[in-house]
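J.: Provided herewith: my_file.txt, compact mmCIF, C-alpha atoms.
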```txt
# COMPACT_ATOMS: atom_id res chain seq x y z
CA ARG W 1078 23.08 8.97 55.60
CA ARG W 1079 20.00 10.94 54.46
CA ASN W 1080 17.77 8.92 56.83
CA HIS W 1081 15.56 7.56 54.07
CA ASP W 1082 13.71 4.40 55.10
CA TRP W 1083 14.37 2.58 51.83
CA MET W 1084 14.56 -1.18 51.38
CA PHE W 1085 16.38 -2.42 48.30
CA PHE W 1086 15.69 -5.73 46.56
CA TRP W 1087 18.12 -7.40 44.19
CA GLU W 1088 18.09 -10.59 42.17
CA ILE W 1089 21.53 -12.17 42.43
CA LYS W 1090 23.50 -15.27 41.51
CA SER W 1091 24.07 -17.75 44.32
CA ASN W 1092 27.87 -17.82 43.92
CA MET W 1093 28.43 -14.34 45.34
CA ARG W 1094 31.27 -13.92 47.81
CA ARG W 1095 30.58 -12.91 51.40
CA GLU W 1096 32.33 -9.57 50.99
CA GLU W 1097 30.06 -8.79 48.04
CA LEU W 1098 26.97 -9.56 50.11
CA ALA W 1099 28.37 -7.40 52.92
CA VAL W 1100 28.62 -4.45 50.50
CA LEU W 1101 24.97 -4.96 49.53
CA ALA W 1102 23.92 -5.13 53.18
CA GLU W 1103 25.83 -1.96 54.02
CA ALA W 1104 24.13 -0.20 51.09
CA GLY W 1105 20.69 -1.06 52.45
CA VAL W 1106 19.84 -4.21 50.49
CA ARG W 1107 17.55 -6.16 52.81
CA TRP W 1108 16.00 -8.64 50.40
CA VAL W 1109 17.60 -10.75 47.68
CA GLN W 1110 16.37 -13.47 45.36
CA PRO W 1111 19.23 -15.76 44.37
CA GLY W 1112 19.00 -18.48 41.74
CA ILE W 1113 19.45 -21.31 44.24
CA GLU W 1114 16.79 -23.67 42.80
CA SER W 1115 18.16 -26.79 44.52
CA LEU W 1116 20.24 -28.07 47.45
CA ASP W 1117 21.54 -31.11 45.58
CA THR W 1118 24.71 -30.87 43.52
CA ALA W 1119 23.58 -33.49 41.00
CA LEU W 1120 20.46 -31.45 40.20
CA LEU W 1121 22.48 -28.25 40.02
CA ASP W 1122 24.81 -29.94 37.56
CA LEU W 1123 21.79 -30.95 35.47
CA MET W 1124 20.76 -27.29 35.37
CA LYS W 1125 24.35 -26.23 34.56
CA LYS W 1126 24.17 -23.79 37.47
CA GLY W 1127 27.91 -23.77 38.01
CA VAL W 1128 27.54 -24.02 41.80
CA SER W 1129 27.40 -26.77 44.40
CA ALA W 1130 24.82 -27.48 47.08
CA MET W 1131 27.34 -26.33 49.71
CA GLN W 1132 27.72 -22.95 47.99
CA ASN W 1133 23.95 -22.46 48.05
CA ILE W 1134 23.74 -23.38 51.74
CA GLN W 1135 26.67 -21.06 52.45
CA LEU W 1136 24.80 -18.19 50.80
CA LEU W 1137 21.80 -18.83 53.04
CA LYS W 1138 24.10 -18.73 56.08
CA TRP W 1139 25.71 -15.46 55.02
CA CYS W 1140 22.33 -13.84 54.38
CA GLY W 1141 21.30 -14.81 57.90
CA GLU W 1142 24.49 -13.32 59.34
CA LEU W 1143 23.99 -10.06 57.41
CA SER W 1144 20.24 -9.74 58.15
CA ILE W 1145 19.27 -10.06 54.48
CA PHE W 1146 15.99 -11.80 53.71
CA CYS W 1147 16.59 -14.47 51.08
CA GLY W 1148 13.63 -15.40 48.89
CA TRP W 1149 14.28 -18.53 46.85
CA ASN W 1150 12.56 -21.56 45.33
CA LEU W 1151 13.11 -25.29 44.97
CA LEU W 1152 12.61 -26.77 41.50
CA CYS W 1153 11.66 -30.34 40.66
CA GLY W 1154 10.68 -32.27 37.56
CA LEU W 1155 14.01 -31.70 35.81
CA PRO W 1156 14.93 -33.81 32.78
CA GLY W 1157 17.30 -36.55 33.90
CA GLU W 1158 16.67 -36.21 37.63
CA THR W 1159 16.61 -39.17 40.03
CA ALA W 1160 14.75 -39.82 43.27
CA ALA W 1161 18.12 -40.06 45.07
CA SER W 1162 18.58 -36.29 44.73
CA TYR W 1163 15.35 -35.57 46.61
CA GLN W 1164 16.18 -38.15 49.27
CA ARG W 1165 19.55 -36.46 49.83
CA MET W 1166 17.86 -33.08 50.24
CA ALA W 1167 15.37 -34.58 52.70
CA GLU W 1168 18.33 -35.73 54.82
CA ILE W 1169 20.13 -32.36 54.65
CA ILE W 1170 17.17 -30.08 55.38
CA PRO W 1171 16.66 -30.95 59.11
CA LYS W 1172 20.26 -29.83 59.74
CA ILE W 1173 19.65 -26.34 58.34
CA HIS W 1174 16.31 -25.44 59.92
CA HIS W 1175 17.93 -22.28 61.29
CA LEU W 1176 18.50 -20.93 57.76
CA GLN W 1177 15.93 -19.28 55.47
CA PRO W 1178 13.62 -21.94 54.02
CA PRO W 1179 12.41 -21.79 50.42
CA SER W 1180 9.58 -19.34 49.80
CA GLY W 1181 8.01 -21.88 47.48
CA GLY W 1182 8.71 -24.31 44.71
CA GLY W 1183 7.46 -25.61 41.45
CA ARG W 1184 7.84 -27.94 38.53
CA PHE W 1185 10.38 -27.42 35.80
CA GLN W 1186 9.23 -25.07 33.02
CA LEU W 1187 10.60 -24.68 29.51
CA HIS W 1188 11.76 -21.08 29.03
CA ARG W 1189 13.16 -19.41 25.95
CA PHE W 1190 16.90 -18.56 26.15
CA SER W 1191 17.62 -21.57 28.40
CA PRO W 1192 19.86 -24.47 27.28
CA TYR W 1193 16.78 -26.71 27.52
CA PHE W 1194 15.00 -24.59 24.92
CA ASP W 1195 17.96 -24.12 22.60
CA HIS W 1196 18.92 -27.82 22.59
CA PRO W 1197 15.90 -29.82 23.82
CA GLU W 1198 17.09 -33.05 22.19
CA ASN W 1199 20.14 -33.06 24.51
CA TYR W 1200 17.86 -33.31 27.54
CA GLY W 1201 15.19 -35.72 26.34
CA ILE W 1202 12.69 -32.91 25.81
CA ARG W 1203 10.08 -32.78 23.05
CA TRP W 1204 9.13 -29.17 22.38
CA ALA W 1205 5.37 -28.69 21.89
CA GLY W 1206 5.09 -25.00 21.05
CA ALA W 1207 4.06 -21.88 22.94
CA HIS W 1208 2.03 -22.28 26.12
CA PRO W 1209 -1.70 -22.36 25.16
CA MET W 1210 -2.61 -19.46 27.46
CA PHE W 1211 -0.85 -16.99 25.15
CA ARG W 1212 -3.37 -17.64 22.38
CA TYR W 1213 -5.86 -15.58 24.39
CA ALA W 1214 -3.48 -12.64 24.70
CA PHE W 1215 -1.96 -12.61 21.22
CA PRO W 1216 -4.31 -13.37 18.29
CA VAL W 1217 -1.51 -14.17 15.86
CA PRO W 1218 -0.66 -17.26 13.80
CA GLU W 1219 0.77 -20.16 15.79
CA SER W 1220 4.13 -19.92 14.02
CA ASP W 1221 4.46 -16.29 15.13
CA LEU W 1222 3.31 -17.14 18.65
CA ASN W 1223 6.02 -19.77 18.95
CA GLU W 1224 8.61 -17.11 18.16
CA LEU W 1225 7.08 -14.52 20.46
CA VAL W 1226 6.59 -15.96 23.94
CA TYR W 1227 8.86 -16.96 26.81
CA LEU W 1228 7.02 -19.98 28.30
CA HIS W 1229 6.58 -23.14 26.20
CA GLU W 1230 4.89 -26.53 26.43
CA PHE W 1231 6.96 -29.72 26.37
CA GLU W 1232 7.01 -33.46 27.00
CA LEU W 1233 9.77 -35.50 28.59
CA ALA W 1234 10.98 -38.44 26.53
CA SER W 1235 11.29 -40.57 29.69
CA GLY W 1236 7.72 -39.74 30.72
CA ALA W 1237 8.21 -41.10 34.26
CA ALA W 1238 8.15 -38.70 37.23
CA VAL W 1239 10.40 -39.40 40.22
CA ASP W 1240 9.27 -39.36 43.86
CA THR W 1241 9.81 -35.88 45.31
CA ALA W 1242 7.61 -36.46 48.38
CA PRO W 1243 10.51 -36.79 50.89
CA MET W 1244 11.90 -33.39 49.89
CA GLU W 1245 8.48 -31.74 49.83
CA GLU W 1246 7.64 -33.00 53.34
CA ALA W 1247 11.08 -31.94 54.62
CA SER W 1248 10.53 -28.47 53.14
CA ARG W 1249 7.15 -28.22 54.82
CA ARG W 1250 8.71 -29.07 58.19
CA TRP W 1251 11.49 -26.57 57.50
CA ARG W 1252 9.03 -23.73 56.97
CA ALA W 1253 7.12 -24.74 60.11
CA ALA W 1254 10.33 -24.79 62.14
CA HIS W 1255 11.36 -21.39 60.81
CA HIS W 1256 7.93 -20.01 61.66
CA ALA W 1257 8.38 -21.38 65.20
CA GLY W 1258 11.56 -19.32 65.52
CA VAL W 1259 14.30 -21.97 65.57
CA THR W 1260 17.87 -20.63 65.77
CA MET W 1261 21.48 -21.68 66.00
CA THR W 1262 23.95 -19.10 67.32
CA PHE W 1263 27.67 -18.97 68.02
CA THR W 1264 29.14 -16.68 70.68
CA ILE W 1265 32.80 -15.93 71.45
CA ASP W 1266 33.65 -14.96 75.05
CA PRO W 1267 36.36 -12.42 76.01
CA ASP W 1268 38.83 -15.22 76.79
CA GLY W 1269 38.46 -16.65 73.27
CA SER W 1270 36.32 -19.62 74.27
CA GLY W 1271 32.93 -19.98 72.66
CA SER W 1272 29.57 -21.64 72.77
CA ILE W 1273 27.11 -22.95 70.20
CA GLU W 1274 23.44 -22.70 71.11
CA ASP W 1275 21.62 -25.24 68.95
CA GLY W 1276 17.89 -24.62 68.78
CA ARG W 1277 17.19 -26.23 65.41
CA ARG W 1278 14.53 -28.56 66.83
CA PRO W 1279 11.24 -26.74 67.43
CA HIS W 1280 9.52 -27.30 70.78
CA SER W 1281 12.66 -28.99 72.17
CA PRO W 1282 15.21 -27.63 74.68
CA LYS W 1283 18.22 -25.92 73.13
CA ARG W 1284 21.53 -27.76 73.28
CA ILE W 1285 24.63 -25.86 74.42
CA TYR W 1286 28.10 -26.86 73.22
CA ARG W 1287 31.14 -25.27 74.91
CA LEU W 1288 34.29 -24.71 72.84
CA THR W 1289 37.85 -24.04 73.91
CA PRO W 1290 39.63 -21.02 72.37
CA GLU W 1291 41.31 -23.35 69.88
CA GLU W 1292 38.01 -24.99 68.94
CA SER W 1293 36.37 -21.57 68.58
CA ARG W 1294 39.06 -20.40 66.15
CA LEU W 1295 38.64 -23.60 64.16
CA TYR W 1296 34.86 -23.17 64.09
CA VAL W 1297 35.17 -19.61 62.79
CA PHE W 1298 37.66 -20.73 60.15
CA LEU W 1299 35.35 -23.49 58.94
```
Spell out the structure here as structure tokens.

T.:
Amino acid sequence: RRNHDWMFFWEIKSNMRREELAVLAEAGVRWVQPGIESLDTALLDLMKKGVSAMQNIQLLKWCGELSIFCGWNLLCGLPGETAASYQRMAEIIPKIHHLQPPSGGGRFQLHRFSPYFDHPENYGIRWAGAHPMFRYAFPVPESDLNELVYLHEFELASGAAVDTAPMEEASRRWRAAHHAGVTMTFTIDPDGSGSIEDGRRPHSPKRIYRLTPEESRLYVFL
């Protein structure tokens, strides 16, 4: 109301309700960073995130509808993960090219205050002390350093890394498609009928799907 050109940024959980996001958007929040981390429910369960892949995708959709930029990351290298999780994500990603792709990604890290740090033996993790880089910043005994820092070294008991290449390539294509301006929109006409304009495939003609008033109501409900 005071005509200030402010942009607010919030870090949020990914299980927010749409009405909560709408309040943020109305208050001027234009950029959020949710703890999405993955689009596979099995991996989210491993992280004890308390959300499903569908909830994370739903949040991306709502952010798009409310013109909120969503910065998020994909994690890999989790203790107990399987290659099937990354194959599932590789199959899902082409269907959601119209949503905000991950800003980046990275390997699993061992952080203080996480369940992995508090109970490493439950996850097949061997704790190896504070990350070596902190020795250059804090010239204190190693025992004190281990109690001081947030990021720690570790080894996985399994030792074998799974193949994440399908997901990584799918994510690369997703970012390229988003950069090319792919979209998928839904429009309701005055008579209640609707149309879906599917432009999720870059450099390909958009597909138009016409819906009856009943189909449009069902689409909105879903």

J.: Write out as a list in words which residues come within 7 Å of range 1195-1204 of chain W when counting all atoms listed in the file, dropping same-chain ones fewer than 5 positions away.

T.: Pro1156, Phe1190, Glu1230, Phe1231, Glu1232, Leu1233 and Ala1234 of chain W

J.: Mind listing as a list in words all residues within 8 Å of (6.9, -17.2, 26.8), counting all atoms listed in the file?

T.: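 Returned residue set, sorted by chain then number, is His1188, Arg1189, Ala1207, His1208, Phe1211, Leu1225, Val1226, Tyr1227, Leu1228 and His1229 of chain W.
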
J.: Save the residues we just selected, C-alpha atoms, as a compact mmCIF listing (two decimals), in the coordinates of the input?

T.:
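File written: result39.txt
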```txt
# COMPACT_ATOMS: atom_id res chain seq x y z
CA HIS W 1188 11.76 -21.08 29.03
CA ARG W 1189 13.16 -19.41 25.95
CA ALA W 1207 4.06 -21.88 22.94
CA HIS W 1208 2.03 -22.28 26.12
CA PHE W 1211 -0.85 -16.99 25.15
CA LEU W 1225 7.08 -14.52 20.46
CA VAL W 1226 6.59 -15.96 23.94
CA TYR W 1227 8.86 -16.96 26.81
CA LEU W 1228 7.02 -19.98 28.30
CA HIS W 1229 6.58 -23.14 26.20
```

J.: Contacts of Ser1091 in chain W at 7 Å or less, counting all atoms listed in the file, minus same-chain residues fewer than 6 places along, as a list in words?

T.: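 Residues near the query, excluding close chain neighbours: Pro1111, Gly1112, Ile1113, Asn1133 and Leu1136 of chain W.
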
J.: Write out as a list in words which residues come within 8 Å of range 1255-1258 of chain W when counting all atoms listed in the file, dropping same-chain ones fewer than 2 positions away.

T.: His1174, His1175, Leu1176, Gln1177, Pro1178, Trp1251, Arg1252, Ala1253, Thr1260 and Pro1279 of chain W

J.: List every protein, DNA or RNA residue that has an atom no more than 7 Å from (12.6, -30.8, 50.4) in the file's coordinate frame, counting only C-alpha atoms, and report them as a VMD selection string.

T.: chain W and resid 1163 1166 to 1167 1170 1243 to 1248

J.: From the options W:Pro1192, W:Gly1182, W:Gly1269, W:Pro1171, which residue's atoms come nearest to Lys1125 in chain W, counting all atoms listed in the file?

T.: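 The shortest atom-to-atom distance to Lys1125 in chain W comes from W:Pro1192.
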